[in-house]
Structures are given as structure tokens and as C-alpha cells.
Amino acid sequence: MNVMIDLHTFYLLTWIWIGLAVVIFLVLLTGRITAPYGRYTREGWGAFIGNRAAWVIMEIPSLLLFSFFFLSGPVPHDAITWLFFAMWVFHYANRSLIYPFRTRTREKKMPLSVMFMGMFFNLVNASLNGYYLGYIMPVYPEGWWKDPRFLAGFVIYFTGVVINWWADGRLISLRRDNGKEYAIPYGGMFRWVSCPNYLGEMMEWSGFALMAWNLPALSFAVWTVANLLPRALNHHRWYKKHFPEYPADRKAVFPFLL
């Protein structure tokens, strides 16, 4: 199957994608538009689908499409690129096939429009990153695994994974333990921020971008921040509005800063 595109077109598309992320970030940052899923689900966004099914359908394209481009391309892979492949698959196998069935949201619904927007986001990001690693990427310099960018990115990525997984587990158990939909989370990183799960995911893909040191990985990190930082700020405002006793010194997503 011939899926080759020229390098100039590929980079142009990637820069356009980054520019769109900046625009979306500025729109979401105003707080006038909040993605209508989770606690913000509301009418007016079309038909609904079960939350678990929506998560699987929305997230699995990232797992499949990235794998297709990575494995089908002519670029030879070394230990470094196989590590990048494993990191991507690790995240999206969890996000598409494990996480939806851990959540206690069987009765919840998601607008189909939101699911399709999420699918589009994942299709583009997976295509750009998988295509680059499978069809374009030059071989990394010998000893790249000792480069400070790789080492720092590796630490940031796996620190983010630990924070993200722990925070997700804490939120899931909170619903089970309290017998109600939402409550104030405590402990761990929740001592300092309202949304350590989002902090962890932003750290994951920022670390990945630093390790991979290429434009598509950077574009994904930019999109992750563009999506999750405004949502973290919305969550923080929501907690403070609905819980008068909410800790006053807790920040939204970055400890002691924001």
C-alpha cells in the first residue's frame, strides 16, 4: 500500500495542526465553551452513546493507526524507535481497552459529536506520529539513549504515567467509596492540585516529545496541553463552586503555580 507523501507537505500539515491547537486552546481558555462530556454533559450536542463504548471507539484509532504506520513503513527500526512504539501502545492500550472498563460510568452517556471530535483528534495525532516514525524519520544518532533530551524525557514520561494512573485510580475508588458521583479527592498529588490526572498526561506527552525530539511528537504534546489545561481550570472552578469547604490553597494543575 503506497501512502507516501512528500516531506514538505508532511511538515506543512503538522504546522497547521499545531496552529489549530493554539486556536482551540485560546477558545477553551476563555471558559465560554466546555467540552460536554463527564460532569459537563448536556443537551444540544446531538444524540448520545454509552460512555464506555464512546471511550473505546474514540481512543482505539490511536492504537491501531499508529501501529499500522509504524509497522508498515520502510524506515528500519532500532531499539530507540521500538521503545517509542511500546510507550505509545502502552498508553493507548490502557486508554482504549482497560481504562473505560475501570470507570464507574456504565449509566453515563457521551454526545456522539464529542466522540467523533475525539476520534478525529486521535486519527490525526496517531497518523502524524506513526507516519513520521515509519516513513520519514532519520536514524537517531548512536548513543541517543544517553542524550540529555532522551534521559530527561524518559524521566518526565514515566513520572507522568505514575501520576496519571494513580490519580485515575483514586478518582475511580472515590466514586465507589462515597456512593455518590462526585466528592473532594484527597491524598497524594491531590494535596496540591485538583487535576493530577491531567498533569500526569501532559507530562507523559511532553516527556515523549523531548525523548523523540521531532515535530509530530511536539504537535501531540501541544494538543494535549491545549485540551487538558483548560479542562483542568474548569474542573478547579467546578470544585470550588460545588464544595464550599474545598481546600483554598489547592491549585488547578501545576503545584503552587496554576
# chains A, B, ... in the order shown; residues from 1 in each chain; ligands from 1
$ closest_atom_pairs --of "stretch 81-185 of chain A" --to "stretch 4-24 of chain A" --cutoff "10 Å" --atoms "only C-alpha atoms" --output "CSV"
residue,atom,partner,partner_atom,distance
A:Phe121,CA,A:Trp17,CA,9.9
A:Val124,CA,A:Trp17,CA,8.5
A:Asn125,CA,A:Trp17,CA,9.0
A:Leu128,CA,A:Thr14,CA,7.3
A:Asn129,CA,A:Thr14,CA,9.8
A:Tyr131,CA,A:Met4,CA,8.9
A:Tyr132,CA,A:Phe10,CA,8.7
A:Tyr135,CA,A:Met4,CA,7.5
A:Ile136,CA,A:Leu7,CA,7.6
$ select_by_dssp --residues "stretch 125-236 of chain A" --states "alpha helix (DSSP H)" --output "VMD selection string"
chain A and resid 125 to 131 148 to 178 196 to 212 215 to 236
$ atom_distance --atom1 "atom CA of A:Pro61" --atom2 "atom CA of A:Ala93"
10.6 Å
$ closest_atom_pairs --of "stretch 79-122 of chain A" --to "stretch 63-67 of chain A" --cutoff "12 Å" --atoms "only C-alpha atoms" --output "CSV"
residue,atom,partner,partner_atom,distance
A:Trp82,CA,A:Ser67,CA,11.0
A:Phe84,CA,A:Phe66,CA,10.9
A:Phe85,CA,A:Ser67,CA,7.6
A:Ala86,CA,A:Ser67,CA,9.8
A:Met87,CA,A:Leu63,CA,10.9
A:Trp88,CA,A:Leu63,CA,7.6
A:Val89,CA,A:Leu63,CA,5.9
A:Phe90,CA,A:Leu63,CA,9.0
A:His91,CA,A:Leu63,CA,8.6
A:Tyr92,CA,A:Leu63,CA,5.5
A:Ala93,CA,A:Leu63,CA,6.6
A:Asn94,CA,A:Leu63,CA,9.8
A:Arg95,CA,A:Leu63,CA,9.2
A:Ser96,CA,A:Leu63,CA,8.0
A:Leu97,CA,A:Leu63,CA,9.9
A:Met119,CA,A:Leu65,CA,11.4
A:Phe120,CA,A:Leu65,CA,11.8
A:Asn122,CA,A:Leu65,CA,9.0
$ closest_atom_pairs --of "stretch 120-236 of chain A" --to "stretch 70-79 of chain A" --cutoff "12 Å" --atoms "only C-alpha atoms" --output "Markdown table"
| residue | atom | partner | partner_atom | distance |
| --- | --- | --- | --- | --- |
| A:Ala126 | CA | A:Phe70 | CA | 9.8 |
| A:Ser127 | CA | A:Phe70 | CA | 9.2 |
| A:Leu128 | CA | A:Phe70 | CA | 10.3 |
| A:Asn129 | CA | A:Phe70 | CA | 8.4 |
| A:Gly130 | CA | A:Phe70 | CA | 4.8 |
| A:Tyr131 | CA | A:Phe70 | CA | 6.3 |
| A:Tyr132 | CA | A:Phe70 | CA | 8.0 |
| A:Leu133 | CA | A:Phe70 | CA | 5.8 |
| A:Gly134 | CA | A:Phe70 | CA | 4.1 |
| A:Tyr135 | CA | A:Gly73 | CA | 4.8 |
| A:Ile136 | CA | A:Val75 | CA | 6.9 |
| A:Met137 | CA | A:Val75 | CA | 7.0 |
| A:Pro138 | CA | A:Val75 | CA | 7.9 |
| A:Val139 | CA | A:Pro76 | CA | 8.0 |
| A:Tyr140 | CA | A:Asp78 | CA | 8.6 |
| A:Pro141 | CA | A:Asp78 | CA | 10.9 |
| A:Glu142 | CA | A:Asp78 | CA | 10.4 |
| A:Gly143 | CA | A:Ala79 | CA | 10.9 |
| A:Trp144 | CA | A:Ala79 | CA | 10.4 |
| A:Trp145 | CA | A:Ala79 | CA | 9.3 |
$ write_last_selection --atoms "N, CA and C atoms" --output "PDB file, in the first residue's frame"
ATOM      1  N   ALA A 126      -2.259  10.208  15.754  1.00  0.00           N
ATOM      2  CA  ALA A 126      -1.672   8.891  15.529  1.00  0.00           C
ATOM      3  C   ALA A 126      -1.065   8.788  14.135  1.00  0.00           C
ATOM      4  N   SER A 127      -1.734   9.370  13.142  1.00  0.00           N
ATOM      5  CA  SER A 127      -1.217   9.327  11.776  1.00  0.00           C
ATOM      6  C   SER A 127       0.089  10.090  11.649  1.00  0.00           C
ATOM      7  N   LEU A 128       0.129  11.293  12.200  1.00  0.00           N
ATOM      8  CA  LEU A 128       1.346  12.102  12.099  1.00  0.00           C
ATOM      9  C   LEU A 128       2.527  11.414  12.776  1.00  0.00           C
ATOM     10  N   ASN A 129       2.317  10.916  13.983  1.00  0.00           N
ATOM     11  CA  ASN A 129       3.425  10.312  14.724  1.00  0.00           C
ATOM     12  C   ASN A 129       3.817   8.949  14.169  1.00  0.00           C
ATOM     13  N   GLY A 130       2.824   8.132  13.821  1.00  0.00           N
ATOM     14  CA  GLY A 130       3.136   6.828  13.259  1.00  0.00           C
ATOM     15  C   GLY A 130       3.783   6.947  11.895  1.00  0.00           C
ATOM     16  N   TYR A 131       3.284   7.867  11.062  1.00  0.00           N
ATOM     17  CA  TYR A 131       3.840   8.051   9.721  1.00  0.00           C
ATOM     18  C   TYR A 131       5.285   8.542   9.798  1.00  0.00           C
ATOM     19  N   TYR A 132       5.532   9.482  10.711  1.00  0.00           N
ATOM     20  CA  TYR A 132       6.892  10.001  10.836  1.00  0.00           C
ATOM     21  C   TYR A 132       7.865   8.893  11.219  1.00  0.00           C
ATOM     22  N   LEU A 133       7.508   8.098  12.207  1.00  0.00           N
ATOM     23  CA  LEU A 133       8.417   7.051  12.673  1.00  0.00           C
ATOM     24  C   LEU A 133       8.532   5.896  11.685  1.00  0.00           C
ATOM     25  N   GLY A 134       7.490   5.685  10.863  1.00  0.00           N
ATOM     26  CA  GLY A 134       7.522   4.571   9.929  1.00  0.00           C
ATOM     27  C   GLY A 134       8.014   4.910   8.539  1.00  0.00           C
ATOM     28  N   TYR A 135       7.853   6.184   8.129  1.00  0.00           N
ATOM     29  CA  TYR A 135       8.115   6.538   6.740  1.00  0.00           C
ATOM     30  C   TYR A 135       9.152   7.650   6.547  1.00  0.00           C
ATOM     31  N   ILE A 136       9.413   8.444   7.577  1.00  0.00           N
ATOM     32  CA  ILE A 136      10.247   9.633   7.380  1.00  0.00           C
ATOM     33  C   ILE A 136      11.494   9.638   8.233  1.00  0.00           C
ATOM     34  N   MET A 137      11.358   9.286   9.480  1.00  0.00           N
ATOM     35  CA  MET A 137      12.366   9.569  10.488  1.00  0.00           C
ATOM     36  C   MET A 137      13.757   9.070  10.132  1.00  0.00           C
ATOM     37  N   PRO A 138      14.756   9.964  10.171  1.00  0.00           N
ATOM     38  CA  PRO A 138      16.134   9.503  10.032  1.00  0.00           C
ATOM     39  C   PRO A 138      16.557   8.698  11.256  1.00  0.00           C
ATOM     40  N   VAL A 139      17.558   7.904  11.111  1.00  0.00           N
ATOM     41  CA  VAL A 139      18.039   7.096  12.239  1.00  0.00           C
ATOM     42  C   VAL A 139      18.582   8.016  13.323  1.00  0.00           C
ATOM     43  N   TYR A 140      18.237   7.728  14.569  1.00  0.00           N
ATOM     44  CA  TYR A 140      18.755   8.536  15.674  1.00  0.00           C
ATOM     45  C   TYR A 140      20.260   8.344  15.789  1.00  0.00           C
ATOM     46  N   PRO A 141      20.968   9.390  16.231  1.00  0.00           N
ATOM     47  CA  PRO A 141      22.418   9.273  16.388  1.00  0.00           C
ATOM     48  C   PRO A 141      22.781   8.132  17.345  1.00  0.00           C
ATOM     49  N   GLU A 142      23.907   7.539  17.105  1.00  0.00           N
ATOM     50  CA  GLU A 142      24.384   6.495  18.002  1.00  0.00           C
ATOM     51  C   GLU A 142      24.553   7.070  19.405  1.00  0.00           C
ATOM     52  N   GLY A 143      24.041   6.353  20.380  1.00  0.00           N
ATOM     53  CA  GLY A 143      24.122   6.828  21.757  1.00  0.00           C
ATOM     54  C   GLY A 143      23.028   7.816  22.126  1.00  0.00           C
ATOM     55  N   TRP A 144      21.947   7.894  21.311  1.00  0.00           N
ATOM     56  CA  TRP A 144      20.853   8.820  21.621  1.00  0.00           C
ATOM     57  C   TRP A 144      20.266   8.548  22.998  1.00  0.00           C
ATOM     58  N   TRP A 145      20.290   7.295  23.413  1.00  0.00           N
ATOM     59  CA  TRP A 145      19.717   6.959  24.717  1.00  0.00           C
ATOM     60  C   TRP A 145      20.497   7.592  25.866  1.00  0.00           C
TER      61      TRP A 145
END
$ closest_residue --among "A:Thr103, A:Lys146, A:Leu28, A:Gly187" --to "A:Ser173" --atoms "only C-alpha atoms"
A:Thr103
$ closest_residue --among "A:Trp213, A:Tyr198, A:Phe101, A:Tyr239" --to "A:Asn227" --atoms "only C-alpha atoms"
A:Tyr198
